[in-house]
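A.B. asks: Mind looking over this structure? Questions follow.
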Amino acid sequence: MFSDSVLNEIRSRADIVDVIGRYVTLKKSGQGYQGLCPFHTEKTPSFHVHPLKQVYRCFGSCSKGGNVFTFLMEHEGISFPEAVRRLAKDVGVKIEEEKSFIRQPVKPLSEIQQRALAALEWAAKYFHHLLTQDKNYAFALKYIEKRGLSPKSIEKFRLGVSPKGWDTLIQMMGKRGFKWEELLAAGLVVPKEDSKYQGYDRFRERLMFPITDKNGAVVGFGARALKEGDEPKYLNSPDTPLFNKSKILYGLFENQRDIRLKSEALVVEGYMDVVGLFEAGVQNAIAPMGTALTPEHCRELKTFTNKVVTVFDPDAAGISAWHRSMPLFLENGLFAKDVTLPGGLDPDEFVKKEGPERFFELCDQAPQQVTKYLKEIAAKGVLGEKDRAKYIQELTPILIASRRLPDKGAMLWDDVSRLLNLSFEAIQKLTQDAQFRLSKPSTPSEKPIARPTVKPGAKASRRQKFPLDWEFFRAALGAPEKFFKFPKSDWVGFIKDPELESLLVTVWDTQDVSQMGKVLESLASTHSCPEVLAAVTESLMNEVSQAKVDPQLFPEVAKRISERKQKAQIQGLANQVRLSQRLGDSEEQLKLLEQLKNIRMGTPSTPPKA
Ligand SMILES: [Zn+2]
């Protein structure tokens, strides 16, 4: 996995003209460079490189375009990570991951691992001792008491405080015979480069939460700042072979008894919530370690229970978190409910104020996640195209996963069809297409950045699948002024390739050619889908190549998109007519038929004539 800053650093140092120049003889031409395309055979040069925008594009038969990374991927037949590593080496950028000892152990891993585990256990005891016995750290105990935590929770979760000073822990542990690389493997220290000192304590004067694996062994720490202005507020151990955030759930070991007894786990946002709830008598909560929930988390949970209740903070982040968790739980066979606590309180605050009984009551009465979500949509009434498109996109993975429900998702499909005005055939197609996209090969460890959506040399299938959409995209980039005047409501919701649609929305929203250029430049440097790159680089090359998209293309393609919209509206209304027929609502039926007539005659559908 590469951080954005590493990628940007490589990009800024590796000049695309130099890199491509190693493989292709380039000649200056106008503002750019030109040469024979390395990706197809040709006699006259149609391959352009733009030094300022750092993109290339072939205007010959292959139409390949992209950035410095995709050039290497394509030319050398290597993966995105390989291309990044190769360029990084060339330009002397060190890749974060590969510096640490963890990936390149100096000793056999298992031996260090064992010592690292011992180090973590020792550190947990030491931190706990400082908190409970050392008068110098009374301020930490005071903070804990202020949060309403008693010795019961302090003991259960083995809370502690890390010492003052830059290397107090390192000194202490050195005396106990722990070696530097063992502390490093334990994630307890931060190495310092280009210095005579090896490094310093990762956690200094913080409230320490030992993180245990499901057998109770300490594998890492969560740490909360105690001093005003100490950033970040929450700091976790780095991922190590022992501590994998995408697998570990805080509280699973400590609260396993009640999770089994109640046959239900509460999923909350952070470790403070888990401990706060425990103190108040709610002892079946767990929390991910500052990451989104993963399939691995679900598998861990499932060894204890298949029932979960999400209780996230009632803010935008919390809402988005439970929305995102829906397909994941369904997919992994977990039955999930969601609780939104009243009064804008987080779990810790609520349980302190209202008590555990009221809290459990809310959990019992909580609606199924999916039901709750559909109700949210229904409450919005008639959906605009933008909302509709958004919900379709969000519901697609849920619809796919719903096949695991006892009724194979039949009820859900029915509701979605009604709410979003989609036919069953459309839903079926949507889920099939999405599944196809989801099942595309990708290396699991590279997933979070998800840049290479298509492997080099893969067939241009997206373009073949939705030819009109891609033509629209190309035409829009070729005639932005015309595109900006084409109302969003005339096309959003009617582009079949959802990623393309969201790219188009981003471009349209700029409403400005030079702003659009900036958006496209950033797309060209981060994307690796060949079709997107081909269209984007074509537009970026406008100044350095004569080949231009015919501006007359746009009105023609836009007309075909409008026809598609009209057809979809007719279909949607016809569905509603059928539904009102079934419900015997003749007044509604008449209104709908009137609207249908108007659309067919080409007059605007809204407002319907009174
Ligand atoms: Zn070419």
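By convention here, the chains of the structure tokens are called A, B, ... in the order presented, each chain's residues are numbered starting at 1, and ligands are numbered starting at 1 in the order presented.
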I'd like the contact shell of A:Ile400 - 12 Å cut-off, only C-alpha atoms, skipping same-chain residues fewer than 6 positions apart - returned as a list in words.
C.D. replies: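 Contacts, in chain order: Met326, Pro327, Leu328, Leu330, Glu331, Gln393, Glu394, Lys408, Gly409, Ala410, Leu412, Trp413, Ile427, Gln428, Lys429, Leu430, Thr431, Gln432, Asp433, Ala434, Gln435, Phe436 and Leu438 of chain A.
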A.B. asks: Per DSSP on the backbone, filter stretch 284-390 of chain A down to the residues in helix (DSSP H, G or I) and report them as a ChimeraX atom specification.
C.D. replies: /A:295-302,316-331,342-344,347-365,369-378,385-390
A.B. asks: With only C-alpha atoms and all ligand atoms counted, collect every polymer residue having an atom within 6 Å of ligand 1; state the result as a PyMOL selection string.
C.D. replies: chain A and resi 37+39-40+58+60-64
A.B. asks: So, with only C-alpha atoms as the atoms that count, which of A:Asp239, A:Glu499, A:Asp201, A:Glu538 lies closest to A:Ile170?
C.D. replies: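 Among the listed residues, the smallest separation from A:Ile170 belongs to A:Asp201.
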A.B. asks: Neighbours of stretch 217-219 of chain A within 7 Å (only C-alpha atoms; same-chain residues fewer than 2 positions away dropped), as a list in words?
C.D. replies: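 Skipping anything fewer than 2 positions along the chain leaves Leu117, Leu120, Glu121, Pro210, Ile211, Thr212, Asp213, Asn215, Leu242 and Phe243 of chain A.
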A.B. asks: Kindly indicate which residue among A:Asp90, A:Asp509, A:Asp258, A:Asp315 lies nearest to A:Gly281, using only C-alpha atoms for the distances.
C.D. replies: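 So, comparing all the options, the nearest one is A:Asp258.
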A.B. asks: Can you tell me how far atom CA of A:Ala186 sits from atom CA of A:Asn255, in Å to one decimal?
C.D. replies: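 Pair atom CA of A:Ala186 / atom CA of A:Asn255 returns 24.3 Å.
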A.B. asks: Using DSSP secondary structure from the backbone, list all strand (DSSP E) positions within stretch 27-208 of chain A, as an NGL selection string.
C.D. replies: :A and (27-29 or 32-35 or 47-50 or 55-58 or 65-66 or 160-161 or 189-191 or 199-201 or 206-208)
A.B. asks: Those selected residues, please, written with C-alpha atoms and delivered as a short mmCIF file (atom, residue, chain, number, x, y, z; two decimals), in the first residue's frame.
C.D. replies:
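Result file is out.cif:
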data_model
loop_
_atom_site.label_atom_id
_atom_site.label_comp_id
_atom_site.auth_asym_id
_atom_site.auth_seq_id
_atom_site.Cartn_x
_atom_site.Cartn_y
_atom_site.Cartn_z
CA LYS A 27 10.93 15.05 -30.70
CA LYS A 28 9.83 18.48 -29.56
CA SER A 29 6.67 19.52 -31.32
CA GLY A 32 4.86 18.94 -26.29
CA TYR A 33 6.77 15.96 -27.59
CA GLN A 34 5.94 13.51 -30.30
CA GLY A 35 7.12 10.05 -31.35
CA PHE A 47 2.08 9.51 -29.90
CA HIS A 48 2.14 12.71 -27.84
CA VAL A 49 3.60 13.51 -24.45
CA HIS A 50 2.52 16.60 -22.53
CA VAL A 55 0.28 12.68 -19.56
CA TYR A 56 0.68 10.83 -22.84
CA ARG A 57 -1.84 9.96 -25.52
CA CYS A 58 -1.74 8.14 -28.83
CA GLY A 65 -3.25 7.41 -22.85
CA GLY A 66 -2.29 7.82 -19.22
CA GLY A 160 -2.55 2.32 31.87
CA VAL A 161 -0.53 5.42 31.16
CA VAL A 189 8.96 2.63 19.20
CA VAL A 190 9.35 4.97 16.27
CA PRO A 191 12.63 4.61 14.39
CA GLY A 199 14.43 6.30 17.87
CA TYR A 200 11.93 7.19 20.59
CA ASP A 201 8.89 5.86 22.46
CA ARG A 206 -1.05 8.93 26.94
CA LEU A 207 -3.90 6.94 28.37
CA MET A 208 -3.16 3.40 27.22
#
A.B. asks: Hey, what's within 12 Å of stretch 552-557 of chain A if we count only C-alpha atoms and toss same-chain stuff fewer than 6 positions away? As JSON, numbers by chain, please?
C.D. replies: {"A": [467, 468, 469, 470, 471, 472, 473, 474, 475, 476, 477, 478, 479, 480, 481, 482, 483, 484, 485, 486, 491, 563, 564]}
A.B. asks: Go through A:Phe494, A:Gln283, A:Ile398, A:Ala83 and flag the residue nearest A:Pro356, using only C-alpha atoms for the distances.
C.D. replies: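 The answer is A:Gln283, which sits nearest to A:Pro356.
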A.B. asks: Would you mind reading off the distance between atom CA of A:Leu533 and atom CA of A:Leu72, one decimal, in Å?
C.D. replies: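 Answer for the atom CA of A:Leu533 to atom CA of A:Leu72 separation: 14.3 Å.
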A.B. asks: Identify which of the residues A:Val93, A:Leu36, A:Ser502, A:Gln464 lies closest to A:Ala14, counting only C-alpha atoms when measuring atom-to-atom distances.
C.D. replies: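 With only C-alpha atoms as the atom set, the closest residue is A:Val93.
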A.B. asks: When you look at A:Met411 with a cut-off of 12 Å (counting only C-alpha atoms), what residues show up, excluding the ones that are within fewer than 4 positions of it in the same chain? I need them as a list in words.
C.D. replies: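 Close residues of A:Met411: Val370, Thr371, Leu374, Leu399, Ser402, Arg403, Leu405, Pro406, Asp407, Asp415, Val416, Ser417, Arg418 and Phe424 of chain A.
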A.B. asks: Just the residues within 12 Å of stretch 227-229 of chain A, please, counting only C-alpha atoms, with nothing from its chain fewer than 3 positions along; format it as a VMD selection string.
C.D. replies: chain A and resid 139 to 140 143 164 204 to 207 224 232 to 234
A.B. asks: Please dump the current selection as a JSON list (two decimals), in the first residue's frame; keep N, CA and C atoms.
C.D. replies:
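Result file out_35.json:
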[["chain", "number", "residue", "atom", "x", "y", "z"],
["A", 139, "PHE", "N", -2.53, 12.55, 37.51],
["A", 139, "PHE", "CA", -3.37, 13.33, 36.58],
["A", 139, "PHE", "C", -4.13, 12.42, 35.61],
["A", 140, "ALA", "N", -3.49, 11.29, 35.27],
["A", 140, "ALA", "CA", -4.14, 10.35, 34.34],
["A", 140, "ALA", "C", -5.32, 9.65, 35.03],
["A", 143, "TYR", "N", -8.18, 11.95, 35.22],
["A", 143, "TYR", "CA", -8.91, 12.04, 33.95],
["A", 143, "TYR", "C", -9.89, 10.86, 33.81],
["A", 164, "LYS", "N", 6.40, 9.68, 30.80],
["A", 164, "LYS", "CA", 6.90, 10.94, 30.25],
["A", 164, "LYS", "C", 8.29, 10.71, 29.65],
["A", 204, "ARG", "N", 3.78, 8.52, 24.49],
["A", 204, "ARG", "CA", 4.33, 9.30, 25.60],
["A", 204, "ARG", "C", 3.20, 10.05, 26.31],
["A", 205, "GLU", "N", 3.08, 9.78, 27.60],
["A", 205, "GLU", "CA", 2.07, 10.44, 28.44],
["A", 205, "GLU", "C", 0.67, 10.35, 27.85],
["A", 206, "ARG", "N", 0.31, 9.16, 27.45],
["A", 206, "ARG", "CA", -1.05, 8.93, 26.94],
["A", 206, "ARG", "C", -1.76, 7.89, 27.77],
["A", 207, "LEU", "N", -3.09, 7.96, 27.73],
["A", 207, "LEU", "CA", -3.90, 6.94, 28.37],
["A", 207, "LEU", "C", -3.85, 5.71, 27.48],
["A", 224, "ARG", "N", -4.92, 7.43, 24.04],
["A", 224, "ARG", "CA", -5.62, 8.70, 23.96],
["A", 224, "ARG", "C", -4.77, 9.80, 24.58],
["A", 232, "PRO", "N", -2.00, 13.32, 17.48],
["A", 232, "PRO", "CA", -3.46, 13.23, 17.36],
["A", 232, "PRO", "C", -4.10, 12.81, 18.67],
["A", 233, "LYS", "N", -5.39, 13.04, 18.78],
["A", 233, "LYS", "CA", -6.09, 12.71, 20.01],
["A", 233, "LYS", "C", -6.03, 11.19, 20.26],
["A", 234, "TYR", "N", -6.28, 10.43, 19.21],
["A", 234, "TYR", "CA", -6.19, 8.97, 19.34],
["A", 234, "TYR", "C", -5.04, 8.47, 18.47]]
